[in-house]
Structures are given as C-alpha cells and as structure tokens.
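Shown next: structure.txt, containing compact mmCIF, C-alpha atoms.
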# COMPACT_ATOMS: atom_id res chain seq x y z
CA MET S 24 34.82 -71.72 -31.15
CA GLN S 25 34.75 -68.16 -29.90
CA GLY S 26 31.82 -66.28 -31.41
CA LEU S 27 31.96 -62.67 -32.49
CA ILE S 28 31.20 -60.28 -29.66
CA LEU S 29 28.38 -57.79 -30.14
CA ARG S 30 29.82 -54.33 -30.60
CA ASN S 31 28.23 -50.95 -31.14
CA ALA S 32 24.87 -52.49 -30.30
CA VAL S 33 23.05 -49.31 -31.32
CA LYS S 34 24.20 -47.59 -34.49
CA PRO S 35 22.95 -44.13 -35.48
CA GLU S 36 20.06 -44.32 -37.92
CA ALA S 37 21.97 -42.38 -40.56
CA GLN S 38 24.86 -44.84 -40.47
CA LEU S 39 22.50 -47.81 -40.63
CA ALA S 40 20.66 -46.28 -43.58
CA ALA S 41 23.97 -45.77 -45.37
CA ALA S 42 24.98 -49.36 -44.70
CA LEU S 43 21.71 -50.61 -46.12
CA ALA S 44 22.02 -48.34 -49.14
CA GLU S 45 25.36 -49.92 -49.99
CA LYS S 46 23.56 -53.26 -50.22
CA SER S 47 20.64 -51.97 -52.27
CA SER S 48 21.73 -53.99 -55.30
CA VAL S 49 21.00 -57.20 -53.38
CA ASP S 50 17.45 -58.11 -52.37
CA ILE S 51 16.95 -57.92 -48.61
CA LEU S 52 14.54 -60.59 -47.37
CA GLY S 53 14.13 -59.42 -43.78
CA GLN S 54 15.40 -57.00 -41.18
CA ILE S 55 15.25 -56.67 -37.40
CA GLY S 56 17.13 -53.64 -36.10
CA PRO S 57 20.73 -53.70 -37.37
CA LEU S 58 20.44 -57.35 -38.44
CA LEU S 59 19.35 -58.09 -41.98
CA VAL S 60 18.92 -61.29 -43.95
CA ARG S 61 19.47 -61.73 -47.67
CA LEU S 62 20.90 -64.15 -50.19
CA ALA S 63 24.64 -64.41 -50.77
CA ALA S 64 25.80 -62.49 -53.82
CA GLY S 65 28.84 -63.96 -55.56
CA ASP S 66 31.68 -66.32 -54.74
CA GLU S 67 33.26 -64.14 -52.06
CA GLU S 68 30.15 -64.16 -49.88
CA LEU S 69 29.66 -67.89 -50.49
CA ARG S 70 33.21 -68.55 -49.30
CA ALA S 71 32.55 -66.42 -46.22
CA ALA S 72 29.46 -68.51 -45.47
CA GLN S 73 31.51 -71.69 -45.91
CA LYS S 74 34.11 -70.28 -43.51
CA LEU S 75 31.38 -69.58 -40.95
CA ARG S 76 30.09 -73.14 -41.35
CA TYR S 77 33.61 -74.46 -40.80
CA ASP S 78 34.01 -72.42 -37.63
CA VAL S 79 30.74 -73.76 -36.22
CA PHE S 80 30.71 -77.35 -37.49
CA PHE S 81 34.43 -78.17 -37.28
CA ARG S 82 35.98 -75.89 -34.68
CA GLU S 83 33.05 -75.70 -32.28
CA MET S 84 31.18 -78.97 -32.82
CA GLY S 85 34.05 -81.25 -33.80
CA ALA S 86 33.10 -82.47 -37.29
CA SER S 87 35.80 -84.61 -38.93
CA HIS S 88 37.96 -83.28 -41.76
CA ALA S 89 36.83 -85.60 -44.55
CA ASP S 90 36.62 -82.99 -47.30
CA PRO S 91 39.62 -81.29 -48.97
CA SER S 92 37.94 -77.91 -48.45
CA ALA S 93 38.54 -78.37 -44.72
CA MET S 94 42.24 -77.78 -45.39
CA GLU S 95 41.22 -74.26 -46.42
CA GLU S 96 39.06 -73.97 -43.29
CA ARG S 97 35.83 -73.99 -45.28
CA ASP S 98 32.88 -76.38 -45.15
CA SER S 99 31.78 -77.04 -48.73
CA ASP S 100 30.35 -79.76 -50.94
CA ARG S 101 29.00 -80.28 -54.45
CA PHE S 102 25.59 -78.86 -53.53
CA ASP S 103 26.87 -75.37 -52.70
CA ALA S 104 27.22 -74.32 -56.33
CA VAL S 105 23.51 -74.79 -57.10
CA CYS S 106 22.05 -73.73 -53.74
CA ASP S 107 20.93 -70.32 -52.57
CA HIS S 108 22.63 -69.26 -49.35
CA LEU S 109 20.74 -67.17 -46.82
CA LEU S 110 22.97 -64.82 -44.82
CA VAL S 111 22.37 -63.01 -41.54
CA ILE S 112 24.42 -59.81 -41.54
CA ASP S 113 25.13 -57.57 -38.55
CA THR S 114 25.56 -54.11 -40.03
CA THR S 115 27.08 -52.78 -36.78
CA LEU S 116 30.21 -54.90 -37.11
CA PRO S 117 33.28 -53.27 -38.66
CA GLY S 118 34.77 -54.45 -41.93
CA THR S 119 33.37 -55.75 -45.18
CA THR S 120 30.04 -57.51 -45.62
CA CYS S 121 31.89 -60.84 -45.55
CA GLN S 122 33.18 -59.95 -42.08
CA GLN S 123 29.64 -59.07 -40.92
CA ILE S 124 28.09 -62.49 -41.68
CA VAL S 125 26.94 -64.08 -38.41
CA GLY S 126 24.56 -66.78 -39.64
CA THR S 127 23.72 -68.81 -42.72
CA TYR S 128 21.16 -71.30 -44.04
CA ARG S 129 21.42 -73.28 -47.28
CA MET S 130 18.38 -73.63 -49.55
CA LEU S 131 18.00 -76.02 -52.49
CA PRO S 132 14.83 -75.63 -54.58
CA GLN S 133 13.51 -78.74 -56.29
CA ASP S 134 13.70 -77.23 -59.76
CA VAL S 135 17.49 -76.88 -59.53
CA ALA S 136 18.24 -79.95 -57.38
CA GLY S 137 18.72 -82.06 -60.49
CA ALA S 138 21.90 -80.14 -61.29
CA ALA S 139 23.41 -81.59 -58.12
CA GLY S 140 22.02 -85.10 -58.63
CA GLY S 141 19.06 -84.62 -56.29
CA PHE S 142 18.65 -83.42 -52.73
CA TYR S 143 21.40 -83.61 -50.11
CA SER S 144 19.00 -85.46 -47.77
CA GLU S 145 18.62 -88.33 -50.24
CA ASP S 146 21.93 -89.73 -49.02
CA GLU S 147 20.15 -90.49 -45.73
CA PHE S 148 16.40 -90.61 -46.41
CA GLU S 149 14.11 -92.07 -49.10
CA LEU S 150 12.76 -88.82 -50.51
CA GLY S 151 11.84 -90.17 -53.93
CA GLY S 152 8.48 -91.59 -52.92
CA LEU S 153 7.54 -88.49 -50.95
CA VAL S 154 8.24 -86.17 -53.86
CA SER S 155 6.54 -88.42 -56.43
CA ARG S 156 3.35 -88.54 -54.33
CA HIS S 157 3.18 -84.76 -54.47
CA GLN S 158 3.86 -83.99 -58.10
CA GLY S 159 3.03 -80.40 -58.85
CA ARG S 160 4.12 -79.22 -55.40
CA ARG S 161 7.39 -77.35 -55.18
CA PHE S 162 9.82 -78.69 -52.57
CA LEU S 163 12.58 -76.70 -50.89
CA GLU S 164 15.39 -78.39 -48.98
CA LEU S 165 16.82 -76.50 -46.01
CA GLY S 166 20.17 -77.39 -44.46
CA ARG S 167 23.59 -76.37 -43.16
CA SER S 168 22.02 -74.01 -40.64
CA CYS S 169 24.47 -72.30 -38.31
CA VAL S 170 24.73 -69.10 -36.29
CA LEU S 171 27.64 -67.73 -34.28
CA PRO S 172 27.23 -68.33 -30.52
CA ALA S 173 26.74 -64.66 -29.62
CA TYR S 174 23.77 -64.49 -32.01
CA ARG S 175 21.89 -67.63 -31.02
CA SER S 176 18.83 -65.76 -29.88
CA LYS S 177 15.12 -65.64 -30.56
CA ARG S 178 15.66 -62.50 -32.62
CA THR S 179 18.10 -64.20 -34.99
CA ILE S 180 15.84 -67.24 -35.41
CA GLU S 181 12.91 -64.95 -36.20
CA LEU S 182 15.01 -63.12 -38.78
CA LEU S 183 16.03 -66.40 -40.44
CA TRP S 184 12.39 -67.42 -40.68
CA GLN S 185 11.49 -64.02 -42.11
CA GLY S 186 14.07 -64.66 -44.81
CA ILE S 187 12.98 -68.24 -45.45
CA TRP S 188 9.32 -67.28 -45.67
CA ALA S 189 10.02 -64.35 -48.02
CA TYR S 190 12.08 -66.72 -50.18
CA CYS S 191 9.26 -69.28 -50.16
CA ARG S 192 6.83 -66.60 -51.29
CA LYS S 193 9.14 -65.51 -54.11
CA ARG S 194 9.65 -69.11 -55.29
CA ASP S 195 6.08 -70.35 -54.68
CA ILE S 196 7.35 -73.11 -52.38
CA ASP S 197 4.78 -75.63 -51.14
CA VAL S 198 6.85 -77.97 -48.95
CA MET S 199 10.01 -77.51 -46.89
CA THR S 200 12.15 -80.48 -45.97
CA GLY S 201 15.71 -81.24 -44.89
CA CYS S 202 17.87 -82.82 -42.22
CA ALA S 203 17.99 -81.50 -38.66
CA SER S 204 20.43 -82.83 -36.11
CA PHE S 205 20.88 -83.97 -32.55
CA PRO S 206 24.47 -83.77 -31.27
CA GLY S 207 26.43 -87.00 -31.02
CA THR S 208 26.20 -90.39 -32.71
CA VAL S 209 24.37 -92.36 -30.01
CA PRO S 210 20.59 -92.19 -30.55
CA ALA S 211 19.99 -93.68 -27.10
CA ALA S 212 21.43 -90.49 -25.60
CA HIS S 213 18.35 -88.73 -26.99
CA ALA S 214 15.89 -91.54 -26.32
CA GLU S 215 13.10 -89.40 -24.88
CA ALA S 216 13.24 -86.67 -27.55
CA LEU S 217 13.55 -89.10 -30.46
CA SER S 218 10.75 -91.27 -29.10
CA PHE S 219 8.56 -88.18 -28.78
CA LEU S 220 9.10 -87.39 -32.46
CA HIS S 221 8.40 -91.02 -33.38
CA HIS S 222 5.16 -91.36 -31.42
CA PHE S 223 3.71 -87.85 -31.58
CA ALA S 224 5.22 -86.04 -34.58
CA ARG S 225 5.86 -88.67 -37.24
CA SER S 226 4.94 -87.87 -40.84
CA GLU S 227 2.26 -90.31 -42.00
CA GLY S 228 0.01 -91.14 -44.93
CA ALA S 229 0.89 -89.23 -48.08
CA TRP S 230 3.68 -87.49 -46.15
CA ALA S 231 5.32 -90.68 -44.86
CA VAL S 232 9.06 -90.97 -45.43
CA ARG S 233 11.75 -93.05 -43.76
CA ALA S 234 15.50 -93.33 -43.46
CA ARG S 235 17.27 -95.45 -46.05
CA ASP S 236 17.40 -99.10 -45.03
CA ASP S 237 21.21 -99.15 -45.04
CA ARG S 238 21.36 -96.18 -42.66
CA PHE S 239 18.22 -96.65 -40.57
CA SER S 240 18.35 -96.33 -36.78
CA SER S 241 15.14 -96.64 -34.79
CA MET S 242 13.64 -93.63 -33.04
CA ASP S 243 11.19 -95.87 -31.17
CA LEU S 244 13.35 -96.10 -28.06
CA MET S 245 10.67 -95.65 -25.39
CA PRO S 246 6.97 -96.52 -25.21
CA ALA S 247 4.69 -93.53 -25.70
CA GLU S 248 3.24 -93.76 -22.20
CA ALA S 249 6.71 -93.54 -20.62
CA ILE S 250 7.62 -90.24 -22.26
CA ASN S 251 7.71 -87.11 -20.13
CA MET S 252 6.47 -84.54 -22.65
CA LYS S 253 8.03 -81.55 -20.92
CA ALA S 254 11.40 -83.26 -20.56
CA ALA S 255 11.35 -84.46 -24.18
CA LEU S 256 10.73 -80.97 -25.52
CA ALA S 257 13.35 -79.46 -23.23
CA ALA S 258 15.92 -81.96 -24.52
CA MET S 259 15.43 -81.06 -28.18
CA PRO S 260 17.86 -78.80 -30.05
CA PRO S 261 16.34 -75.33 -30.62
CA LEU S 262 16.10 -75.82 -34.39
CA ILE S 263 14.07 -79.03 -34.07
CA LYS S 264 11.88 -77.48 -31.38
CA GLY S 265 11.30 -74.52 -33.70
CA TYR S 266 10.25 -76.78 -36.55
CA LEU S 267 7.80 -78.53 -34.24
CA ARG S 268 6.22 -75.24 -33.23
CA LEU S 269 5.72 -74.36 -36.88
CA GLY S 270 3.82 -77.60 -37.48
CA ALA S 271 6.53 -79.85 -38.92
CA ARG S 272 6.47 -83.63 -38.85
CA PHE S 273 9.45 -85.96 -38.97
CA GLY S 274 10.37 -89.02 -41.00
CA GLU S 275 10.57 -92.52 -39.57
CA GLY S 276 14.02 -93.47 -38.34
CA CYS S 277 17.12 -91.40 -37.74
CA VAL S 278 20.56 -91.57 -39.36
CA ILE S 279 23.97 -91.42 -37.71
CA ASP S 280 26.26 -88.98 -39.52
CA ARG S 281 29.76 -89.81 -38.33
CA HIS S 282 31.38 -87.09 -40.44
CA PHE S 283 29.52 -84.34 -38.60
CA GLY S 284 29.14 -86.29 -35.35
CA THR S 285 25.35 -85.98 -35.34
CA THR S 286 22.14 -87.99 -35.31
CA ASP S 287 19.94 -86.71 -38.12
CA VAL S 288 16.16 -86.64 -38.49
CA LEU S 289 14.18 -85.57 -41.55
CA VAL S 290 11.87 -82.56 -41.33
CA VAL S 291 8.69 -82.49 -43.43
CA LEU S 292 6.88 -79.15 -43.36
CA PRO S 293 4.12 -78.46 -45.90
CA VAL S 294 3.43 -74.72 -46.04
CA GLU S 295 -0.27 -75.48 -45.58
CA ALA S 296 0.55 -77.08 -42.20
CA ILE S 297 2.35 -74.07 -40.74
CA SER S 298 0.52 -72.77 -37.71
CA GLN S 299 -1.55 -69.72 -38.62
CA ARG S 300 -0.24 -67.71 -35.70
CA TYR S 301 3.30 -68.12 -37.02
CA LEU S 302 2.26 -67.21 -40.55
CA ALA S 303 0.68 -64.07 -39.14
CA HIS S 304 3.82 -63.35 -37.10
CA PHE S 305 6.34 -63.82 -39.91
CA GLY S 306 4.03 -63.10 -42.81
CA ALA S 307 3.63 -59.34 -42.44
CA GLU S 308 7.37 -58.71 -42.61
CA ALA S 309 7.97 -61.38 -45.25
CA GLU S 310 5.19 -59.93 -47.40
CA ARG S 311 6.97 -56.60 -47.40
CA PHE S 312 10.28 -58.12 -48.53
CA ALA S 313 8.79 -60.66 -50.95
CA ALA S 314 7.22 -58.01 -53.17
Encoding of this model in structure tokens:
Amino acid sequence: MQGLILRNAVKPEAQLAAALAEKSSVDILGQIGPLLVRLAAGDEELRAAQKLRYDVFFREMGASHADPSAMEERDSDRFDAVCDHLLVIDTTLPGTTCQQIVGTYRMLPQDVAGAAGGFYSEDEFELGGLVSRHQGRRFLELGRSCVLPAYRSKRTIELLWQGIWAYCRKRDIDVMTGCASFPGTVPAAHAEALSFLHHFARSEGAWAVRARDDRFSSMDLMPAEAINMKAALAAMPPLIKGYLRLGARFGEGCVIDRHFGTTDVLVVLPVEAISQRYLAHFGAEAERFAA
C-alpha cells in the first residue's frame, strides 16, 4: 500500500490554530507539532478509521477477505461499535478530518466489553482467570493498531502513547492488555524473538495467562542460553519492542491468526509496572490533556 506523502510539513501557526479550533468540540488527548491525537467522533470518522485499517491490513499486509465489510474496503467487526477509536490526525493534509487520519488504535474498556461478549483477545487467550484474579482493577484492551507507512516514526508512536496514557488517566485504567503480532503464520520464523519473550518476558504468578488450548503454539523454540539478546530484540516488530520498553510482559504461547496472516502474542501491562522514566516522559503531556 502506498502511504500518504507528507505535504506542507510546516504550516503557519495561525492556520494550525484555526484547524485546532475547528476540532474544539472533540477532546484532544495529545499533540506533537501538526499531529494531534483524539478519539473518533461519530460514524463517519469510525468508517474512515476502518478504511485506514483495510488499507494497512489487507492491501499492504495481505489479510484475507473473510468479512463482508472487506467488500466495502473497510476492516470492521462486532467490537467496533462499543470500542473507542484513537485517531492520529495530520492537520497539514488537505481535505476533511477523515482525509487527515494517518493512524488509529482501538480501545475496549472492561466496563463496556460485556456489550460485545467480552474482549476480542478472548478468542485466542484465556483472559478469564487473569481478570478474575484482579477484581477491582480496570482492564483496557488495546488492538487494531496501524499507521500509514510515511508516519511510522518515533514521533507518531510517542503521540499514540500520549493519547493512550491520557485516556487511561481519564478512565482510571489499571491494566492494559491485548494482542500484538509478528508477521506470518510460522512461529519458527521468529524463533529467537518468541523464545526471548518466553524465557525473559513471560507474565507469571498472579499475571500468568496462556493461549487457549485449541489455539496454542509454543514460544519455547530455543533454549535460553542459545538466545542472542541483541538479535532477538532487533527481530521484534516495533510495537512489541515498544511494549517491552514500557515494562510489559507476555502470555504463555502464541496463536496463529490465518485471517490476518500473523502470529499473535498477548501483552500484559499493569500501569504500576510501566517504567518510571516513560511515565515521566509521557505523563507531563498526558496530564495536560487528561484534565
């Protein structure tokens, strides 16, 4: 898929201020230069996010067309209606807000997950025990993350995390979880990275969780002593590497998702486990937008 090309990289401050003023009715959760992050407002913006997901997951990454929505060139499922959808918007791009969306992240709070029959991840992982062991803590499921190729930069990732953290503050979230993916459906192709997660970053004790028995594939593909740490980290997708840096742990076992052509792992990230230096980094901006 061809990503949008950056245009008008620097917009006059007056024009940027006017663009932001037009969006004043919608809460902004973060901003870095001309890029801002906020929740989708209404069906039109949701459909634009679904179109972006289709472009990335189907056109670029080759997901299979198993859902009728794919005929409309949208990626959608039954969870979309009850989720909040984080949008990254480039205010320098011409056109409507829907044409300025360059990234999206789907968020499903525990208190509304019941309306969709539970969490999306429960189709692959045994989340029930994890949640029941932490009654009183508020879980948030993250998923369907995608960004146009031209925007896959440190700045965009930082902006997404500003938005997520501001959202967590607003909703008093205690634990983030959700599926993250390696490309392809052959776990052995990611033996070193998966084995690293299994041996050195597995969620344990009260945070232990594993893939469903009927979908379980082992991540224990290499002995711990055979793993080249540097190579394992270099082989990880940026999203998974980012979760690791924040302090996340990962469930036992991975799941092959043939529809999306991926190998999925489960992220478990209690807010209390997030590295303090990252909280300090994202927290100042998020605090401003969470008020």
task = Mind giving me the straight-line distance from CA of Ala296 (chain S) to CA of Gly270 (chain S) in Å, one decimal?
result =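 Between these atoms lies a distance of 5.8 Å.
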message = With distances taken over only C-alpha atoms, which residue among S:Thr114, S:Glu181, S:Val232, S:Ala139 lies nearest Arg156 (chain S)?
response =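 Once distances to Arg156 (chain S) are computed over only C-alpha atoms, the minimum belongs to S:Val232.
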query = Taking only C-alpha atoms into account, which of S:Arg281, S:Ser218, S:Phe80, S:Ala224 comes nearest Asn251 (chain S)?
reply =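 Result for the nearest residue to Asn251 (chain S): S:Ser218.
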remark   = One residue among S:Leu183, S:Leu52, S:Val105, S:Leu171 is nearest to Gly141 (chain S) when using all atoms listed in the file, and that residue is S:Val105
remark   = Shortest contact to Ser241 (chain S), candidates S:His222, S:His157, S:Gly265, S:Glu275, atoms counted only C-alpha atoms, goes to S:Glu275
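In terms of minimum interatomic distance to Asp280 (chain S), S:Cys202 ranks closest within S:Met242, S:Ala231, S:Cys202, S:Cys169, counting all atoms listed in the file.
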Exercise: Asp287 (chain S) partners within 10 Å, only C-alpha atoms, chain neighbours under 2 positions left out, as a list in words = Ser144, Glu147, Phe148, Gly201, Cys202, Ala203, Ser204, Phe205, Pro206, Gly207, Thr208, Pro210, Ala234, Ser240, Gly276, Cys277, Val278, Ile279, Asp280, Phe283, Gly284, Thr285, Leu289 and Val290 of chain S
Straight-line distance linking CA of Ala247 (chain S) with CA of Met199 (chain S), stated in Å to one decimal = 27.1 Å
query = S:Gln133, S:Gln185, S:Ser298, S:Ser87: which is nearest Gly159 (chain S), counting all atoms listed in the file?
reply =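 Comparing S:Gln133, S:Gln185, S:Ser298, S:Ser87 against Gly159 (chain S), the winner is S:Gln133.
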ask   = Interatomic distance between CA of Thr179 (chain S) and CA of His213 (chain S)?
value =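 Pair CA of Thr179 (chain S) / CA of His213 (chain S) returns 25.8 Å.
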Would you tabulate, counting all atoms listed in the file, all residues of region 154-187 of chain S that have an atom at most 12 Å from an atom of region 291-295 of chain S, showing the closest pair of atoms and their distance in Å to one decimal, sorted by chain then ascending number, as a tab-separated table?
residue	atom	partner	partner_atom	distance
S:Val154	CA	S:Val291	CA	11.1
S:His157	CA	S:Pro293	CA	10.7
S:Arg160	CA	S:Pro293	CA	9.5
S:Arg161	CA	S:Pro293	CA	9.9
S:Phe162	CA	S:Pro293	CA	8.8
S:Leu163	CA	S:Leu292	CA	9.8
S:Glu164	CA	S:Val291	CA	9.6
S:Leu165	CA	S:Val291	CA	10.4
S:Ile187	CA	S:Val294	CA	11.6
Go ahead and save the picked residues with C-alpha atoms, as an mmCIF file, in the coordinates of the input.
data_model
loop_
_atom_site.group_PDB
_atom_site.id
_atom_site.type_symbol
_atom_site.label_atom_id
_atom_site.label_comp_id
_atom_site.auth_asym_id
_atom_site.auth_seq_id
_atom_site.Cartn_x
_atom_site.Cartn_y
_atom_site.Cartn_z
ATOM 1 C CA VAL S 154 8.240 -86.170 -53.860
ATOM 2 C CA HIS S 157 3.180 -84.760 -54.470
ATOM 3 C CA ARG S 160 4.120 -79.220 -55.400
ATOM 4 C CA ARG S 161 7.390 -77.350 -55.180
ATOM 5 C CA PHE S 162 9.820 -78.690 -52.570
ATOM 6 C CA LEU S 163 12.580 -76.700 -50.890
ATOM 7 C CA GLU S 164 15.390 -78.390 -48.980
ATOM 8 C CA LEU S 165 16.820 -76.500 -46.010
ATOM 9 C CA ILE S 187 12.980 -68.240 -45.450
#
task = Please provide the set of residues having any atom within 6 Å of Ile112 (chain S), restricted to all atoms listed in the file, with same-chain residues fewer than 3 positions apart removed, written as a list of chain:residue names.
result = S:Leu58, S:Leu59, S:Gln123, S:Ile124, S:Val125
Write a file of the selected residues as an mmCIF file, in the frame of the given file, keeping C-alpha atoms.
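The new file part-v2.cif reads:
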data_model
loop_
_atom_site.group_PDB
_atom_site.id
_atom_site.type_symbol
_atom_site.label_atom_id
_atom_site.label_comp_id
_atom_site.auth_asym_id
_atom_site.auth_seq_id
_atom_site.Cartn_x
_atom_site.Cartn_y
_atom_site.Cartn_z
ATOM 1 C CA LEU S 58 20.440 -57.350 -38.440
ATOM 2 C CA LEU S 59 19.350 -58.090 -41.980
ATOM 3 C CA GLN S 123 29.640 -59.070 -40.920
ATOM 4 C CA ILE S 124 28.090 -62.490 -41.680
ATOM 5 C CA VAL S 125 26.940 -64.080 -38.410
#
Once 8 Å is added on each side, what centre and edge lengths in Å to one decimal does the axis-aligned box around all listed atoms of region 285-303 of chain S have, as AutoDock Vina command-line options?
--center_x 11.9 --center_y -76.0 --center_z -40.7 --size_x 42.9 --size_y 39.9 --size_z 26.7
